[in-house]
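Text of protein29.txt, listed as compact mmCIF, C-alpha atoms:
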# COMPACT_ATOMS: atom_id res chain seq x y z
CA MET A 123 116.74 104.48 91.60
CA CYS A 124 115.90 103.00 88.23
CA GLU A 125 112.38 102.88 86.82
CA VAL A 126 111.03 101.10 83.74
CA ILE A 127 108.59 102.31 81.11
CA TYR A 128 107.67 100.85 77.73
CA LEU A 129 107.21 103.21 74.79
CA ALA A 130 105.68 102.48 71.38
CA GLY A 131 106.04 105.07 68.66
CA GLY A 132 106.07 103.29 65.33
CA CYS A 133 109.10 101.30 64.25
CA PHE A 134 110.98 100.40 67.41
CA TRP A 135 114.37 100.96 65.79
CA GLY A 136 113.96 104.74 65.90
CA VAL A 137 112.44 104.94 69.37
CA GLU A 138 115.26 102.76 70.71
CA GLY A 139 117.87 104.73 68.77
CA TYR A 140 116.54 107.98 70.19
CA PHE A 141 116.20 106.94 73.85
CA GLY A 142 119.49 105.06 73.69
CA ARG A 143 121.15 108.47 73.24
CA VAL A 144 119.32 110.27 76.06
CA GLU A 145 121.34 110.97 79.18
CA GLY A 146 119.84 109.16 82.16
CA VAL A 147 118.68 106.14 80.17
CA VAL A 148 120.45 103.11 81.59
CA GLU A 149 119.23 100.44 79.17
CA THR A 150 116.95 99.95 76.17
CA GLN A 151 115.56 96.81 74.61
CA VAL A 152 113.19 96.45 71.66
CA GLY A 153 110.37 93.95 71.76
CA TYR A 154 106.70 93.22 71.47
CA ALA A 155 104.28 94.44 74.15
CA ASN A 156 100.84 93.19 75.12
CA SER A 157 100.80 90.24 72.73
CA LYS A 158 97.94 87.73 72.71
CA VAL A 159 100.49 85.14 71.55
CA GLU A 160 103.35 83.97 73.74
CA ASN A 161 106.83 84.84 72.45
CA PRO A 162 105.76 86.11 69.00
CA SER A 163 108.12 86.49 66.06
CA TYR A 164 108.51 89.70 64.05
CA GLU A 165 106.66 88.10 61.13
CA LEU A 166 103.75 87.05 63.36
CA VAL A 167 103.54 90.54 64.92
CA CYS A 168 103.51 92.09 61.42
CA SER A 169 100.62 89.80 60.42
CA GLY A 170 98.42 91.55 63.00
CA VAL A 171 97.16 88.36 64.67
CA THR A 172 99.07 88.90 67.93
CA GLY A 173 97.68 92.33 68.80
CA ALA A 174 101.23 93.17 69.91
CA VAL A 175 102.84 96.56 69.48
CA GLU A 176 106.49 97.23 68.66
CA ALA A 177 107.79 98.81 71.86
CA VAL A 178 110.97 99.78 73.64
CA LYS A 179 111.72 98.91 77.23
CA VAL A 180 113.39 102.00 78.69
CA VAL A 181 115.20 101.65 82.01
CA TYR A 182 116.04 105.09 83.36
CA GLU A 183 117.54 106.74 86.41
CA ASN A 184 114.60 108.80 87.66
CA LYS A 185 116.72 111.24 89.67
CA GLU A 186 118.69 112.14 86.56
CA LEU A 187 115.86 111.77 84.04
CA PRO A 188 112.38 112.40 85.46
CA LEU A 189 109.36 110.72 83.90
CA LYS A 190 108.03 114.11 82.78
CA GLU A 191 111.13 114.63 80.63
CA ILE A 192 110.77 111.17 79.10
CA LEU A 193 107.17 112.00 78.21
CA LEU A 194 108.09 115.40 76.78
CA ARG A 195 110.75 113.73 74.65
CA PHE A 196 108.44 110.92 73.58
CA PHE A 197 105.68 113.27 72.43
CA ASP A 198 108.29 115.36 70.60
CA ILE A 199 109.22 112.41 68.36
CA ILE A 200 105.81 110.84 67.66
CA ASN A 201 102.55 111.96 66.11
CA PRO A 202 100.08 111.37 68.97
CA PHE A 203 97.11 111.81 66.61
CA ALA A 204 98.15 109.02 64.20
CA LEU A 205 96.06 105.87 64.67
CA ASN A 206 98.00 102.69 63.90
CA TYR A 207 100.89 104.35 62.10
CA GLN A 208 103.96 106.53 62.55
CA GLY A 209 105.98 107.91 59.65
CA ASN A 210 105.83 105.45 56.76
CA ASP A 211 104.97 102.47 58.97
CA TYR A 212 101.34 101.35 58.93
CA GLY A 213 99.62 98.65 60.98
CA THR A 214 98.38 98.09 64.50
CA GLN A 215 101.88 97.05 65.56
CA TYR A 216 102.98 100.65 64.88
CA ARG A 217 100.39 102.35 67.09
CA SER A 218 101.69 104.71 69.73
CA GLY A 219 101.47 103.73 73.35
CA ILE A 220 102.89 104.03 76.83
CA TYR A 221 102.91 100.99 79.08
CA ALA A 222 104.05 100.23 82.60
CA LYS A 223 103.52 97.68 85.35
CA ASP A 224 103.61 100.41 88.02
CA SER A 225 100.20 102.03 88.61
CA VAL A 226 101.84 105.21 89.98
CA ILE A 227 103.74 105.68 86.71
CA LEU A 228 100.55 105.08 84.70
CA GLU A 229 98.64 107.68 86.72
CA GLU A 230 101.41 110.23 86.13
CA VAL A 231 101.33 109.42 82.41
CA ARG A 232 97.53 109.79 82.26
CA GLY A 233 97.75 113.16 84.00
CA PHE A 234 100.50 114.33 81.65
CA VAL A 235 98.52 113.31 78.56
CA ALA A 236 95.29 114.86 79.87
CA ASN A 237 97.14 118.12 80.40
CA LEU A 238 98.77 117.87 76.97
CA GLN A 239 95.38 117.21 75.35
CA LYS A 240 94.13 120.61 76.56
CA GLY A 241 96.40 122.26 73.99
CA PHE A 242 94.91 120.39 71.01
CA SER A 243 91.52 120.16 69.34
CA GLN A 244 92.53 116.86 67.73
CA HIS A 245 92.22 113.79 69.99
CA ILE A 246 95.45 112.15 71.21
CA VAL A 247 95.17 108.43 70.36
CA THR A 248 98.33 107.24 72.14
CA GLU A 249 97.18 104.38 74.35
CA ILE A 250 98.14 104.24 78.01
CA LEU A 251 97.82 100.74 79.40
CA GLU A 252 99.15 98.40 82.01
CA LEU A 253 101.88 96.23 80.54
CA GLN A 254 100.55 92.68 80.22
CA ASN A 255 103.71 91.19 78.75
CA PHE A 256 106.87 92.10 76.87
CA TYR A 257 108.81 89.73 74.65
CA PRO A 258 112.27 90.83 73.48
CA ALA A 259 112.55 91.06 69.71
CA GLU A 260 114.99 89.00 67.71
CA ALA A 261 118.71 89.78 68.15
CA TYR A 262 119.02 91.51 64.77
CA HIS A 263 116.49 94.14 65.89
CA GLN A 264 118.40 95.04 69.08
CA LYS A 265 120.40 98.29 68.70
CA TYR A 266 119.58 98.09 64.99
CA LEU A 267 120.55 101.67 64.16
CA VAL A 268 123.88 101.29 65.98
CA LYS A 269 124.64 98.23 63.84
CA ASN A 270 123.11 99.84 60.70
CA PRO A 271 123.67 103.62 60.97
CA LYS A 272 122.08 104.24 57.56
CA GLY A 273 119.04 102.09 58.38
CA TYR A 274 115.51 103.44 58.03
CA CYS A 275 114.35 105.72 60.81
CA HIS A 276 111.35 108.06 60.93
CA ILE A 277 112.76 109.90 63.98
CA ASP A 278 115.34 112.70 64.02
CA LEU A 279 117.86 111.07 66.35
CA SER A 280 119.80 114.31 66.79
CA LYS A 281 116.91 115.57 68.96
CA ALA A 282 118.05 113.14 71.67
CA LEU A 283 121.13 115.23 72.35
CA ARG A 284 119.33 118.49 73.13
CA ARG A 285 118.14 119.48 76.57
CA ILE A 286 114.44 119.65 77.25
Would it be possible to restate this file's structure as structure tokens?
Amino acid sequence: MCEVIYLAGGCFWGVEGYFGRVEGVVETQVGYANSKVENPSYELVCSGVTGAVEAVKVVYENKELPLKEILLRFFDIINPFALNYQGNDYGTQYRSGIYAKDSVILEEVRGFVANLQKGFSQHIVTEILELQNFYPAEAYHQKYLVKNPKGYCHIDLSKALRRI
């Protein structure tokens, strides 16, 4: 059975590029999550007025790829202590976050993060929220690193191929 989770970890190109290579992921789509403005453009999101975050919709086969593995992988490629930035990308649209419409998934995520937090003195700032909305990004952003293999990416995409 397929499940859906939305992950924000800085520039969505890298997060999509990474999860697009993970076995068990059925589909990815980049877009803007939890926007105060309906159907925002990239430029509007970058202005900060929408409150939206660059995110990736990840559809996965939960029998092949359990949520726990997705979360382990996600926290392996982001800095969970970075507030409103990842890598060289700064702004509220680059904050880290995990979003879902399913309350059971959100509870599992909260438990995972609470357990993870026990290993750190620094506070994890990755937000965990119910998904209010998700607007697909413009076509040129979709599968950007497939179309532009030398494009900017703050994530080591080769990590997607290793087992966790």
Kindly indicate which residue among A:Val247, A:Ala130, A:Leu166, A:Cys124 lies nearest to Glu149 in chain A, using all atoms listed in the file for the distances.
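Closest residue, counting all atoms listed in the file: A:Cys124.
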Restricting the calculation to all atoms listed in the file, which member of A:Asn201, A:Gln254, A:Ser169, A:Ser280 is positioned closest to Tyr221 in chain A?
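Of all the options, A:Gln254 lies closest to Tyr221 in chain A.
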Counting all atoms listed in the file, find the residues whose atoms lie at most 8 Å from (102.1, 102.4, 61.4) (file coordinates) and write them out as a PyMOL selection string.
chain A and resi 132-133+205-217
Using only C-alpha atoms, which of the listed residues (A:Ile127, A:Val181, A:Gly146, A:Gln151) sits closest to Glu230 in chain A?
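Under the stated criterion, the closest residue is A:Ile127.
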Just the residues within 12 Å of range 231-240 of chain A, please, counting only C-alpha atoms, with nothing from its chain fewer than 6 positions along; format it as a count of residues only.
28
Could you name the residues that touch Val126 in chain A at 7 Å or less, counting only C-alpha atoms, but leaving out those on the same chain fewer than 4 positions away, as a PDB file with C-alpha atoms, in the coordinates of the input?
ATOM      1  CA  LYS A 179     111.720  98.910  77.230  1.00  0.00           C
ATOM      2  CA  VAL A 180     113.390 102.000  78.690  1.00  0.00           C
ATOM      3  CA  VAL A 181     115.200 101.650  82.010  1.00  0.00           C
ATOM      4  CA  TYR A 182     116.040 105.090  83.360  1.00  0.00           C
TER       5      TYR A 182
END
Hey, could you pull the box centre and edge lengths for range 205-222 of chain A, axis-aligned, 5 Å padding per side, all listed atoms, to one decimal in Å, as JSON?
{"center_x": 101.0, "center_y": 102.5, "center_z": 69.7, "size_x": 19.9, "size_y": 20.9, "size_z": 35.8}
Please determine the residues with any atom at most 9 Å from (113.7, 91.7, 60.5) (coordinates as given in the file, with all atoms listed in the file counting) and report them as a ChimeraX atom specification.
/A:164-165,260,262-263
Which one of A:Ala174, A:Leu187, A:Leu267, A:Val137 sits closest to Ile200 in chain A if you count only C-alpha atoms?
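Closest candidate: A:Val137.
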Show me, as a count of residues only, the residues that have an atom within 6 Å of Ala155 in chain A when counting only C-alpha atoms, minus same-chain residues fewer than 3 positions from it.
4
Nearby residues (all atoms listed in the file) at most 10 Å from Arg195 in chain A, same-chain spacing under 5 positions excluded, as a ChimeraX atom specification
/A:140-141,144,189-190,200,281-282,284-286
A:Glu186, A:Glu176, A:Glu229, A:Asp278: which is nearest Tyr154 in chain A, counting only C-alpha atoms?
A:Glu176
Can you list, as a PDB file with C-alpha atoms, in the coordinates of the input, every protein, DNA or RNA residue that comes within 7 Å of Lys265 in chain A when you count all atoms listed in the file, leaving out same-chain residues fewer than 3 positions away?
ATOM      1  CA  GLY A 139     117.870 104.730  68.770  1.00  0.00           C
ATOM      2  CA  VAL A 268     123.880 101.290  65.980  1.00  0.00           C
ATOM      3  CA  LYS A 269     124.640  98.230  63.840  1.00  0.00           C
TER       4      LYS A 269
END
